[in-house]
$ cat start.csv   # CSV, C-alpha atoms
chain,number,residue,atom,x,y,z
A,171,MET,CA,89.2,94.2,47.9
A,172,GLY,CA,88.1,90.9,49.4
A,173,GLN,CA,87.3,90.0,52.9
A,174,PHE,CA,88.5,87.4,55.3
A,175,TYR,CA,87.2,86.1,58.6
A,176,TYR,CA,89.3,86.8,61.7
A,177,VAL,CA,88.1,84.3,64.4
A,178,TYR,CA,88.3,85.0,68.1
A,179,GLY,CA,86.9,81.9,69.6
A,180,PHE,CA,84.1,79.3,69.6
A,181,LEU,CA,81.0,79.3,71.8
A,182,PRO,CA,78.1,76.8,72.2
A,183,ALA,CA,75.2,77.5,69.9
A,184,GLY,CA,72.4,79.6,71.3
A,185,CYS,CA,74.7,82.0,73.2
A,186,LYS,CA,74.1,85.7,73.3
A,187,GLN,CA,74.7,87.1,69.8
A,188,GLU,CA,74.7,90.8,70.1
A,189,LEU,CA,77.7,92.9,71.1
A,190,PRO,CA,77.0,96.3,69.6
A,191,GLU,CA,79.6,98.0,71.9
A,192,LEU,CA,82.5,96.0,70.5
A,193,THR,CA,84.1,96.3,67.1
A,194,GLY,CA,86.3,93.7,65.5
A,195,MET,CA,89.9,93.7,64.4
A,196,ASP,CA,89.4,96.5,61.8
A,197,LYS,CA,87.9,98.7,64.6
A,198,LYS,CA,84.9,99.3,62.4
A,199,THR,CA,82.7,96.3,61.8
A,200,SER,CA,80.9,94.5,64.6
A,201,ILE,CA,81.4,91.0,65.8
A,202,LEU,CA,79.7,88.3,63.8
A,203,PHE,CA,78.3,85.1,65.2
A,204,ILE,CA,78.4,82.2,62.7
A,205,GLU,CA,76.5,79.2,63.8
A,206,HIS,CA,77.4,75.8,62.2
A,207,GLU,CA,76.6,72.3,63.5
A,208,GLU,CA,75.6,73.7,66.9
A,209,ILE,CA,78.9,75.6,67.4
A,210,THR,CA,79.1,79.4,67.2
A,211,ALA,CA,82.2,81.0,65.8
A,212,ALA,CA,82.7,84.6,67.0
A,213,CYS,CA,84.5,86.4,64.2
A,214,SER,CA,84.7,89.6,62.2
A,215,LEU,CA,85.3,90.6,58.7
A,216,VAL,CA,88.8,92.0,57.9
A,217,SER,CA,90.4,93.3,54.7
A,218,SER,CA,92.1,90.6,52.7
A,219,GLU,CA,94.9,93.0,51.9
A,220,GLU,CA,95.6,94.1,55.5
A,221,PHE,CA,95.2,90.6,56.9
A,222,SER,CA,97.0,88.6,54.2
A,223,GLU,CA,99.7,86.2,55.4
A,224,LYS,CA,102.5,88.5,54.1
A,225,GLN,CA,101.0,91.6,55.6
A,226,MET,CA,100.3,90.1,59.0
A,227,GLN,CA,103.7,88.6,59.3
A,228,LYS,CA,105.1,92.1,58.6
A,229,LYS,CA,102.8,93.7,61.1
A,230,VAL,CA,103.6,91.4,64.0
A,231,GLU,CA,107.2,92.7,63.8
A,232,ASN,CA,105.8,96.1,64.6
A,233,MET,CA,105.5,96.1,68.4
A,234,GLY,CA,103.0,98.9,68.4
A,235,TRP,CA,100.6,97.1,66.1
A,236,LEU,CA,101.1,93.8,67.9
A,237,LYS,CA,100.4,95.3,71.3
A,238,GLU,CA,97.2,97.2,70.1
A,239,TYR,CA,95.7,94.3,68.3
A,240,ALA,CA,96.7,91.5,70.7
A,241,TYR,CA,95.1,93.6,73.5
A,242,HIS,CA,91.9,94.1,71.4
A,243,HIS,CA,91.8,90.3,70.7
A,244,HIS,CA,91.7,89.7,74.5
A,245,GLU,CA,89.2,92.5,75.1
A,246,ILE,CA,86.8,90.8,72.7
A,247,LEU,CA,87.3,87.4,74.3
A,248,ASP,CA,86.9,88.8,77.8
A,249,ARG,CA,83.6,90.4,76.8
A,250,LEU,CA,82.3,87.3,75.1
A,251,TYR,CA,83.3,85.2,78.2
A,252,LYS,CA,81.0,87.3,80.4
A,253,ASP,CA,78.0,85.7,78.8
A,254,SER,CA,79.2,82.3,77.7
A,255,ILE,CA,81.8,79.5,77.9
A,256,ILE,CA,84.4,80.2,75.2
A,257,ILE,CA,87.2,78.3,73.5
A,258,PRO,CA,89.6,81.2,72.9
A,259,LEU,CA,91.8,81.1,69.8
A,260,SER,CA,95.3,82.4,69.9
A,261,PHE,CA,96.0,85.8,68.3
A,262,GLY,CA,95.9,85.9,64.5
A,263,THR,CA,93.8,83.1,63.2
A,264,VAL,CA,92.1,84.0,59.9
A,265,TYR,CA,90.0,82.1,57.4
A,266,GLU,CA,89.8,83.1,53.8
A,267,SER,CA,86.3,81.9,53.3
A,268,MET,CA,83.1,80.9,55.2
A,269,ASP,CA,83.5,77.4,53.8
A,270,SER,CA,86.9,76.8,55.3
A,271,LEU,CA,85.8,78.2,58.7
A,272,LYS,CA,82.8,75.8,58.6
A,273,ASN,CA,85.0,72.9,57.6
A,274,VAL,CA,87.2,73.5,60.6
A,275,ILE,CA,84.1,73.5,62.9
A,276,SER,CA,82.9,70.3,61.4
A,277,GLU,CA,86.3,68.7,61.8
A,278,HIS,CA,86.6,69.7,65.5
A,279,LYS,CA,82.9,69.8,66.6
A,280,SER,CA,83.0,66.8,69.0
A,281,GLU,CA,86.2,68.1,70.7
A,282,MET,CA,84.7,71.5,71.0
A,283,ARG,CA,81.5,70.1,72.6
A,284,ARG,CA,83.7,68.0,74.9
A,285,LEU,CA,85.5,71.2,76.0
A,286,PHE,CA,82.3,73.1,76.5
A,287,ARG,CA,81.1,70.3,78.9
A,288,GLU,CA,84.5,70.2,80.7
A,289,LEU,CA,84.7,73.9,81.1
A,290,GLU,CA,81.1,74.5,82.2
A,291,GLY,CA,81.1,76.5,85.5
A,292,LYS,CA,84.9,76.3,85.8
A,293,GLU,CA,87.1,79.4,86.2
A,294,GLU,CA,90.7,80.0,85.2
A,295,TRP,CA,92.7,82.1,87.6
A,296,SER,CA,96.3,83.2,87.8
A,297,VAL,CA,98.2,83.1,91.1
A,298,LYS,CA,101.6,84.7,91.5
A,299,ILE,CA,103.8,85.0,94.6
A,300,TYR,CA,106.4,87.6,95.0
A,301,ALA,CA,109.3,87.8,97.5
A,302,ASP,CA,111.2,90.9,98.5
A,303,ARG,CA,114.4,88.9,99.0
A,304,ALA,CA,116.2,91.4,101.2
A,305,ALA,CA,113.3,91.6,103.6
A,306,PHE,CA,112.6,87.9,103.5
A,307,ASP,CA,116.1,86.7,103.9
A,308,LYS,CA,116.8,89.1,106.7
A,309,SER,CA,113.7,88.0,108.8
A,310,PHE,CA,114.2,84.4,107.9
A,311,THR,CA,117.8,84.1,108.8
A,312,GLN,CA,117.3,85.9,112.1
A,313,ASP,CA,115.3,83.0,113.3
A,314,GLU,CA,117.7,80.3,112.1
A,315,ASP,CA,119.4,78.5,115.0
A,316,ASN,CA,123.1,79.0,115.5
A,317,ILE,CA,123.4,81.9,113.0
A,318,GLN,CA,124.4,84.4,115.6
A,319,GLU,CA,126.8,82.0,117.1
A,320,ARG,CA,128.4,81.3,113.7
A,321,LYS,CA,128.6,85.0,113.0
A,322,ALA,CA,130.4,85.5,116.4
A,323,GLU,CA,132.8,82.8,115.5
A,324,ILE,CA,133.6,84.4,112.2
A,325,ALA,CA,134.1,87.7,113.8
A,326,LYS,CA,137.0,86.2,115.8
A,327,MET,CA,138.7,84.9,112.7
A,328,PRO,CA,141.6,86.7,110.9
A,329,ARG,CA,140.4,89.3,108.4
A,330,GLY,CA,141.2,87.2,105.3
A,331,LYS,CA,139.4,84.2,106.5
A,332,GLN,CA,136.5,86.3,107.7
A,333,PHE,CA,135.7,87.4,104.1
A,334,PHE,CA,135.5,83.9,102.8
A,335,ALA,CA,133.7,82.5,105.8
A,336,LEU,CA,131.0,85.2,105.6
A,337,LYS,CA,130.6,84.7,101.8
A,338,LYS,CA,130.1,81.0,102.4
A,339,LEU,CA,127.6,81.6,105.2
A,340,ASP,CA,125.7,84.1,103.0
A,341,SER,CA,125.4,81.7,100.1
A,342,TRP,CA,124.3,78.9,102.5
A,343,LEU,CA,121.7,81.2,104.0
A,344,HIS,CA,120.5,82.3,100.6
A,345,GLU,CA,120.0,78.6,99.6
A,346,LYS,CA,118.1,77.9,102.8
A,347,ALA,CA,115.9,80.9,102.1
A,348,ASP,CA,115.4,79.6,98.6
A,349,ASN,CA,114.3,76.3,99.9
A,350,LYS,CA,112.0,77.9,102.5
A,351,ILE,CA,110.3,80.0,99.8
A,352,ASP,CA,109.9,76.9,97.7
A,353,THR,CA,108.3,75.1,100.6
A,354,VAL,CA,105.9,78.0,101.3
A,355,CYS,CA,104.9,78.3,97.6
A,356,HIS,CA,104.2,74.6,97.4
A,357,SER,CA,102.1,74.6,100.6
A,358,LEU,CA,99.8,77.2,99.0
A,359,HIS,CA,99.8,75.3,95.7
A,360,ASN,CA,98.9,72.0,97.4
A,361,GLU,CA,96.0,73.6,99.2
A,362,LEU,CA,94.8,75.2,96.0
A,363,LEU,CA,94.9,71.8,94.2
A,364,SER,CA,92.0,70.6,96.3
A,365,PHE,CA,89.8,73.3,94.7
A,366,THR,CA,91.0,72.8,91.1
A,367,SER,CA,90.5,70.4,88.3
A,368,ASP,CA,93.6,71.4,86.5
A,369,HIS,CA,96.6,73.7,86.7
A,370,MET,CA,99.6,74.8,84.7
A,371,GLN,CA,102.8,76.0,86.3
A,372,LYS,CA,104.5,78.8,84.3
A,373,LYS,CA,107.9,80.3,84.2
A,374,VAL,CA,108.5,83.0,86.8
A,375,TRP,CA,109.2,86.3,85.1
A,376,GLU,CA,112.4,88.1,85.5
A,377,LYS,CA,112.3,91.6,87.1
A,378,LYS,CA,113.0,93.3,83.8
A,379,LEU,CA,109.7,91.8,82.5
A,380,SER,CA,107.6,92.1,85.6
A,381,GLY,CA,108.9,95.6,86.4
A,382,ARG,CA,108.7,94.7,90.1
A,383,LYS,CA,111.3,95.3,92.7
A,384,GLU,CA,110.4,91.9,94.3
A,385,ASP,CA,111.3,88.5,92.7
A,386,MET,CA,108.5,86.5,91.3
A,387,VAL,CA,108.8,83.2,93.0
A,388,TRP,CA,105.6,81.4,91.9
A,389,ASN,CA,103.6,81.7,88.7
A,390,CYS,CA,100.8,79.2,88.1
A,391,VAL,CA,97.3,79.1,86.5
A,392,TYR,CA,94.6,77.1,88.0
A,393,LEU,CA,91.3,75.9,86.7
A,394,PHE,CA,88.9,76.1,89.6
A,395,GLN,CA,86.1,73.5,89.8
A,396,ASN,CA,83.2,75.9,90.3
A,397,GLN,CA,82.2,79.2,91.8
A,398,GLU,CA,82.2,77.8,95.3
A,399,ALA,CA,85.8,76.5,94.9
A,400,VAL,CA,86.8,80.0,93.7
A,401,ASN,CA,85.3,81.6,96.8
A,402,SER,CA,87.0,79.0,99.1
A,403,ALA,CA,90.3,79.5,97.3
A,404,VAL,CA,90.1,83.3,97.6
A,405,ILE,CA,89.5,83.0,101.4
A,406,TYR,CA,92.4,80.6,101.6
A,407,ILE,CA,94.7,82.9,99.7
A,408,ARG,CA,93.8,85.8,102.0
A,409,GLU,CA,94.5,83.6,105.1
A,410,PHE,CA,97.8,82.5,103.5
A,411,GLN,CA,98.8,86.1,102.9
A,412,LYS,CA,98.0,87.0,106.6
A,413,ARG,CA,100.0,84.0,107.9
A,414,ALA,CA,102.9,84.8,105.6
A,415,GLU,CA,103.0,88.4,106.8
A,416,GLN,CA,103.1,87.2,110.4
A,417,GLU,CA,105.8,84.5,109.8
A,418,PHE,CA,108.0,86.2,107.3
A,419,GLU,CA,108.6,89.6,105.8
A,420,GLY,CA,108.4,90.4,102.1
A,421,LEU,CA,106.1,87.6,100.8
A,422,SER,CA,103.0,88.6,98.9
A,423,VAL,CA,100.5,86.6,96.8
A,424,GLU,CA,98.4,88.0,94.0
A,425,ALA,CA,95.5,86.3,92.2
A,426,THR,CA,93.6,87.5,89.1
A,427,GLY,CA,90.6,86.0,87.4
A,428,PRO,CA,88.4,84.8,86.0
A,429,TRP,CA,90.2,84.6,82.6
A,430,PRO,CA,88.9,83.2,79.4
A,431,SER,CA,90.2,79.7,79.4
A,432,TYR,CA,93.5,80.4,77.6
A,433,HIS,CA,95.4,77.7,79.3
A,434,PHE,CA,92.9,74.9,79.6
A,435,ALA,CA,90.8,74.9,76.4
A,436,LYS,CA,93.0,72.8,74.2
A,437,LEU,CA,92.1,71.1,71.0
A,438,GLN,CA,94.1,68.3,69.5
A,439,GLN,CA,96.1,69.7,66.6
A,440,THR,CA,95.2,67.8,63.4
A,441,GLU,CA,97.7,67.2,60.7
A,442,VAL,CA,97.7,69.8,57.9
A,443,GLN,CA,96.1,68.2,54.9
B,35,MET,CA,88.5,91.8,83.5
B,36,PRO,CA,89.9,89.9,86.5
B,37,ARG,CA,88.1,90.9,89.7
B,38,GLU,CA,89.7,89.8,92.9
B,39,LEU,CA,92.9,90.3,94.8
B,40,ASN,CA,94.1,92.1,91.7
B,41,LYS,CA,96.7,94.5,92.9
B,42,ASP,CA,98.9,95.0,90.0
B,43,GLN,CA,97.4,96.2,86.8
B,44,GLU,CA,100.7,96.1,84.9
B,45,ILE,CA,101.1,92.5,85.6
B,46,VAL,CA,97.5,91.8,84.4
B,47,LEU,CA,98.3,93.5,81.2
B,48,LEU,CA,101.4,91.4,80.7
B,49,ASP,CA,99.4,88.3,81.4
B,50,VAL,CA,96.9,89.4,78.7
B,51,LEU,CA,99.7,89.7,76.1
B,52,ASP,CA,101.3,86.5,77.3
B,53,ALA,CA,98.0,84.7,77.0
B,54,VAL,CA,96.8,85.8,73.6
B,55,LEU,CA,100.3,85.7,72.0
B,56,GLU,CA,101.4,82.4,73.4
B,57,LYS,CA,98.3,80.6,74.7
B,58,GLY,CA,94.8,80.0,73.4
B,59,VAL,CA,93.9,77.3,71.0
B,60,VAL,CA,96.0,77.1,67.9
B,61,LEU,CA,93.7,75.9,65.2
B,62,ARG,CA,94.7,75.6,61.7
B,63,GLY,CA,93.6,78.7,59.9
B,64,ASP,CA,94.1,79.6,56.3
B,65,ILE,CA,96.3,82.3,57.5
B,66,MET,CA,98.1,82.2,60.8
B,67,ILE,CA,100.6,84.6,62.4
B,68,SER,CA,103.6,82.8,63.6
B,69,ILE,CA,105.6,84.7,66.2
B,70,ALA,CA,108.8,82.8,65.8
B,71,ASP,CA,110.8,83.9,68.8
B,72,ILE,CA,108.4,84.3,71.7
B,73,ASP,CA,111.3,85.1,74.0
B,74,LEU,CA,112.0,88.3,72.0
B,75,VAL,CA,108.4,89.2,72.3
B,76,TYR,CA,108.7,88.6,76.0
B,77,LEU,CA,111.6,91.0,76.3
B,78,ASP,CA,109.8,93.7,74.4
B,79,LEU,CA,106.6,93.3,76.3
B,80,ARG,CA,107.7,95.7,79.0
B,81,ILE,CA,108.4,98.3,76.4
B,82,LEU,CA,104.8,97.8,75.2
B,83,LEU,CA,103.3,98.2,78.6
B,84,SER,CA,103.2,102.0,78.9
B,85,SER,CA,101.6,102.1,75.4
B,86,VAL,CA,99.0,99.5,76.4
B,87,GLU,CA,98.0,101.6,79.4
B,88,SER,CA,97.7,104.7,77.3
B,89,LEU,CA,95.7,102.7,74.8
B,90,VAL,CA,93.2,101.7,77.6
B,91,GLN,CA,93.0,105.3,78.6
B,92,ASP,CA,92.5,106.4,74.9
B,93,GLN,CA,89.6,104.0,74.5
B,94,LYS,CA,88.0,105.2,77.6
B,95,ASP,CA,88.4,108.8,76.5
B,96,SER,CA,87.1,108.1,73.0
B,97,LYS,CA,84.1,106.2,74.4
B,98,ARG,CA,83.4,109.2,76.7
B,99,ALA,CA,83.8,111.6,73.8
B,100,GLN,CA,81.4,109.5,71.6
B,101,LYS,CA,78.8,109.4,74.5
B,102,GLU,CA,79.1,113.2,74.9
B,103,ALA,CA,78.8,113.8,71.2
B,104,ALA,CA,75.7,111.5,71.1
B,105,GLU,CA,74.1,113.4,74.0
B,106,GLY,CA,75.0,116.7,72.5
B,107,ALA,CA,73.3,115.6,69.2
B,108,GLU,CA,70.0,114.8,71.0

$ encode --input "start.csv" --output "structure tokens"
Amino acid sequence: MGQFYYVYGFLPAGCKQELPELTGMDKKTSILFIEHEEITAACSLVSSEEFSEKQMQKKVENMGWLKEYAYHHHEILDRLYKDSIIIPLSFGTVYESMDSLKNVISEHKSEMRRLFRELEGKEEWSVKIYADRAAFDKSFTQDEDNIQERKAEIAKMPRGKQFFALKKLDSWLHEKADNKIDTVCHSLHNELLSFTSDHMQKKVWEKKLSGRKEDMVWNCVYLFQNQEAVNSAVIYIREFQKRAEQEFEGLSVEATGPWPSYHFAKLQQTEVQ
Amino acid sequence: MPRELNKDQEIVLLDVLDAVLEKGVVLRGDIMISIADIDLVYLDLRILLSSVESLVQDQKDSKRAQKEAAEGAE
């Protein structure tokens, strides 16, 4: 049985190279640090049978396997990131030989070095905002001018007309609340931009994915310039949360980080030769 | 793992799966997994969640057990 190299990510040469507490993808062997042209590849040996293209393709269809190994992939990256900048590879990148791994490093070394320089000291964070729409819409529409008057007018209408007039009013209010939420999210976003060197807006998750009773109304990842910027942003987010609680009901902001730079460490894809 | 203002562990776990399955650097490997329909994966992620949580717990338990076994052997 042969062995392949499963690669987690690339680090600058000279980084810490001992991680006895972590095992690689086979859950047995330890993480290897292969240094080539001043780039270190963090990888581990895997069985060529289990990690052949055919086998892997079959395995990813098994959600249980995918979950366990995708999580382990992150766990290793997260641990490596504690000691060093890292260019994290996406899940499931395997090289059949040391030569082909070294070739890839040679091919991309300048870009990797550029990324190490660019990412030095920076931190990737995720910021999500949730809105409990029932609570938010209620508190928001109470404050809107003329709403009570309009409701009183509708109450005087004949029953049939009332139904449609109320429906129209509701959808108008919902749209106004949508716009308000959008404005509030963008005001936080614009403030955070002054602390960041890059950001990536992501799709908001539906409730069936997030599992939350609130709607996710903002989902964005930010690359903060440095530690000081992170600290300032955290203070700002806390203040924003306090203000939001005073002004509206049902809005909450959650931030997590620092993450290995999944969203901002990007290499140009070269053509397959 | 993320350190601040981190209120919802389930969401963090979903972010992990989202990041390593969809993000990260795609570099030409000799073998690469292609997850053809990421939206399907998305839908199934929630089903995975409870098992991820138990996985984290299992790992903690097994580390504790290993530690205890090592201490016992001394």

$ residues_around --input "start.csv" --residues "Ser431 (chain A)" --least-positions-apart "5" --cutoff "12 Å" --atoms "all atoms listed in the file" --output "PyMOL selection string"
(chain A and resi 179-181+244+247-248+250-252+254-260+285-286+288-296+368-370+391-394+436) or (chain B and resi 50+53-54+57-59)

$ write_last_selection --input "start.csv" --atoms "C-alpha atoms" --output "PDB file, in the coordinates of the input"
ATOM      1  CA  GLY A 179      86.900  81.900  69.600  1.00  0.00           C
ATOM      2  CA  PHE A 180      84.100  79.300  69.600  1.00  0.00           C
ATOM      3  CA  LEU A 181      81.000  79.300  71.800  1.00  0.00           C
ATOM      4  CA  HIS A 244      91.700  89.700  74.500  1.00  0.00           C
ATOM      5  CA  LEU A 247      87.300  87.400  74.300  1.00  0.00           C
ATOM      6  CA  ASP A 248      86.900  88.800  77.800  1.00  0.00           C
ATOM      7  CA  LEU A 250      82.300  87.300  75.100  1.00  0.00           C
ATOM      8  CA  TYR A 251      83.300  85.200  78.200  1.00  0.00           C
ATOM      9  CA  LYS A 252      81.000  87.300  80.400  1.00  0.00           C
ATOM     10  CA  SER A 254      79.200  82.300  77.700  1.00  0.00           C
ATOM     11  CA  ILE A 255      81.800  79.500  77.900  1.00  0.00           C
ATOM     12  CA  ILE A 256      84.400  80.200  75.200  1.00  0.00           C
ATOM     13  CA  ILE A 257      87.200  78.300  73.500  1.00  0.00           C
ATOM     14  CA  PRO A 258      89.600  81.200  72.900  1.00  0.00           C
ATOM     15  CA  LEU A 259      91.800  81.100  69.800  1.00  0.00           C
ATOM     16  CA  SER A 260      95.300  82.400  69.900  1.00  0.00           C
ATOM     17  CA  LEU A 285      85.500  71.200  76.000  1.00  0.00           C
ATOM     18  CA  PHE A 286      82.300  73.100  76.500  1.00  0.00           C
ATOM     19  CA  GLU A 288      84.500  70.200  80.700  1.00  0.00           C
ATOM     20  CA  LEU A 289      84.700  73.900  81.100  1.00  0.00           C
ATOM     21  CA  GLU A 290      81.100  74.500  82.200  1.00  0.00           C
ATOM     22  CA  GLY A 291      81.100  76.500  85.500  1.00  0.00           C
ATOM     23  CA  LYS A 292      84.900  76.300  85.800  1.00  0.00           C
ATOM     24  CA  GLU A 293      87.100  79.400  86.200  1.00  0.00           C
ATOM     25  CA  GLU A 294      90.700  80.000  85.200  1.00  0.00           C
ATOM     26  CA  TRP A 295      92.700  82.100  87.600  1.00  0.00           C
ATOM     27  CA  SER A 296      96.300  83.200  87.800  1.00  0.00           C
ATOM     28  CA  ASP A 368      93.600  71.400  86.500  1.00  0.00           C
ATOM     29  CA  HIS A 369      96.600  73.700  86.700  1.00  0.00           C
ATOM     30  CA  MET A 370      99.600  74.800  84.700  1.00  0.00           C
ATOM     31  CA  VAL A 391      97.300  79.100  86.500  1.00  0.00           C
ATOM     32  CA  TYR A 392      94.600  77.100  88.000  1.00  0.00           C
ATOM     33  CA  LEU A 393      91.300  75.900  86.700  1.00  0.00           C
ATOM     34  CA  PHE A 394      88.900  76.100  89.600  1.00  0.00           C
ATOM     35  CA  LYS A 436      93.000  72.800  74.200  1.00  0.00           C
TER      36      LYS A 436
ATOM     37  CA  VAL B  50      96.900  89.400  78.700  1.00  0.00           C
ATOM     38  CA  ALA B  53      98.000  84.700  77.000  1.00  0.00           C
ATOM     39  CA  VAL B  54      96.800  85.800  73.600  1.00  0.00           C
ATOM     40  CA  LYS B  57      98.300  80.600  74.700  1.00  0.00           C
ATOM     41  CA  GLY B  58      94.800  80.000  73.400  1.00  0.00           C
ATOM     42  CA  VAL B  59      93.900  77.300  71.000  1.00  0.00           C
TER      43      VAL B  59
END

$ atom_distance --input "start.csv" --atom1 "CA of Ile201 (chain A)" --atom2 "CA of Leu189 (chain A)"
6.7 Å

$ interface_residues --input "start.csv" --of "chain A" --to "chain B" --cutoff "7 Å" --atoms "all atoms listed in the file" --output "VMD selection string"
chain A and resid 223 226 to 227 237 to 238 240 to 241 244 248 258 to 266 379 to 380 424 to 429 432 to 433 435 to 437 439

$ residues_around --input "start.csv" --residues "Ala347 (chain A)" --least-positions-apart "5" --cutoff "12 Å" --atoms "only C-alpha atoms" --output "list of chain:residue names"
A:Ala301, A:Asp302, A:Arg303, A:Ala304, A:Ala305, A:Phe306, A:Asp307, A:Lys308, A:Ser309, A:Phe310, A:Thr311, A:Gln312, A:Asp313, A:Glu314, A:Asp340, A:Ser341, A:Trp342, A:Asp352, A:Thr353, A:Val354, A:Val387, A:Phe418, A:Glu419, A:Leu421

$ atom_distance --input "start.csv" --atom1 "CA of Asn396 (chain A)" --atom2 "CA of His359 (chain A)"
17.5 Å

$ atom_distance --input "start.csv" --atom1 "CA of Gln395 (chain A)" --atom2 "CA of Asn360 (chain A)"
15.0 Å

$ residues_around --input "start.csv" --residues "Ile204 (chain A)" --least-positions-apart "3" --cutoff "12 Å" --atoms "all atoms listed in the file" --output "number ranges by chain"
A: 175-188, 201, 207-215, 268-269, 271-272, 275

$ write_last_selection --input "start.csv" --atoms "C-alpha atoms" --output "mmCIF file, keeping the file's coordinate frame"
data_model
loop_
_atom_site.group_PDB
_atom_site.id
_atom_site.type_symbol
_atom_site.label_atom_id
_atom_site.label_comp_id
_atom_site.auth_asym_id
_atom_site.auth_seq_id
_atom_site.Cartn_x
_atom_site.Cartn_y
_atom_site.Cartn_z
ATOM 1 C CA TYR A 175 87.200 86.100 58.600
ATOM 2 C CA TYR A 176 89.300 86.800 61.700
ATOM 3 C CA VAL A 177 88.100 84.300 64.400
ATOM 4 C CA TYR A 178 88.300 85.000 68.100
ATOM 5 C CA GLY A 179 86.900 81.900 69.600
ATOM 6 C CA PHE A 180 84.100 79.300 69.600
ATOM 7 C CA LEU A 181 81.000 79.300 71.800
ATOM 8 C CA PRO A 182 78.100 76.800 72.200
ATOM 9 C CA ALA A 183 75.200 77.500 69.900
ATOM 10 C CA GLY A 184 72.400 79.600 71.300
ATOM 11 C CA CYS A 185 74.700 82.000 73.200
ATOM 12 C CA LYS A 186 74.100 85.700 73.300
ATOM 13 C CA GLN A 187 74.700 87.100 69.800
ATOM 14 C CA GLU A 188 74.700 90.800 70.100
ATOM 15 C CA ILE A 201 81.400 91.000 65.800
ATOM 16 C CA GLU A 207 76.600 72.300 63.500
ATOM 17 C CA GLU A 208 75.600 73.700 66.900
ATOM 18 C CA ILE A 209 78.900 75.600 67.400
ATOM 19 C CA THR A 210 79.100 79.400 67.200
ATOM 20 C CA ALA A 211 82.200 81.000 65.800
ATOM 21 C CA ALA A 212 82.700 84.600 67.000
ATOM 22 C CA CYS A 213 84.500 86.400 64.200
ATOM 23 C CA SER A 214 84.700 89.600 62.200
ATOM 24 C CA LEU A 215 85.300 90.600 58.700
ATOM 25 C CA MET A 268 83.100 80.900 55.200
ATOM 26 C CA ASP A 269 83.500 77.400 53.800
ATOM 27 C CA LEU A 271 85.800 78.200 58.700
ATOM 28 C CA LYS A 272 82.800 75.800 58.600
ATOM 29 C CA ILE A 275 84.100 73.500 62.900
#

$ closest_residue --input "start.csv" --among "A:Ile351, A:Leu236, A:Leu336, A:Val400" --to "Leu363 (chain A)" --atoms "all atoms listed in the file"
A:Val400

$ residues_around --input "start.csv" --residues "Thr199 (chain A)" --least-positions-apart "4" --cutoff "9 Å" --atoms "all atoms listed in the file" --output "PyMOL selection string"
chain A and resi 192-195+214-216
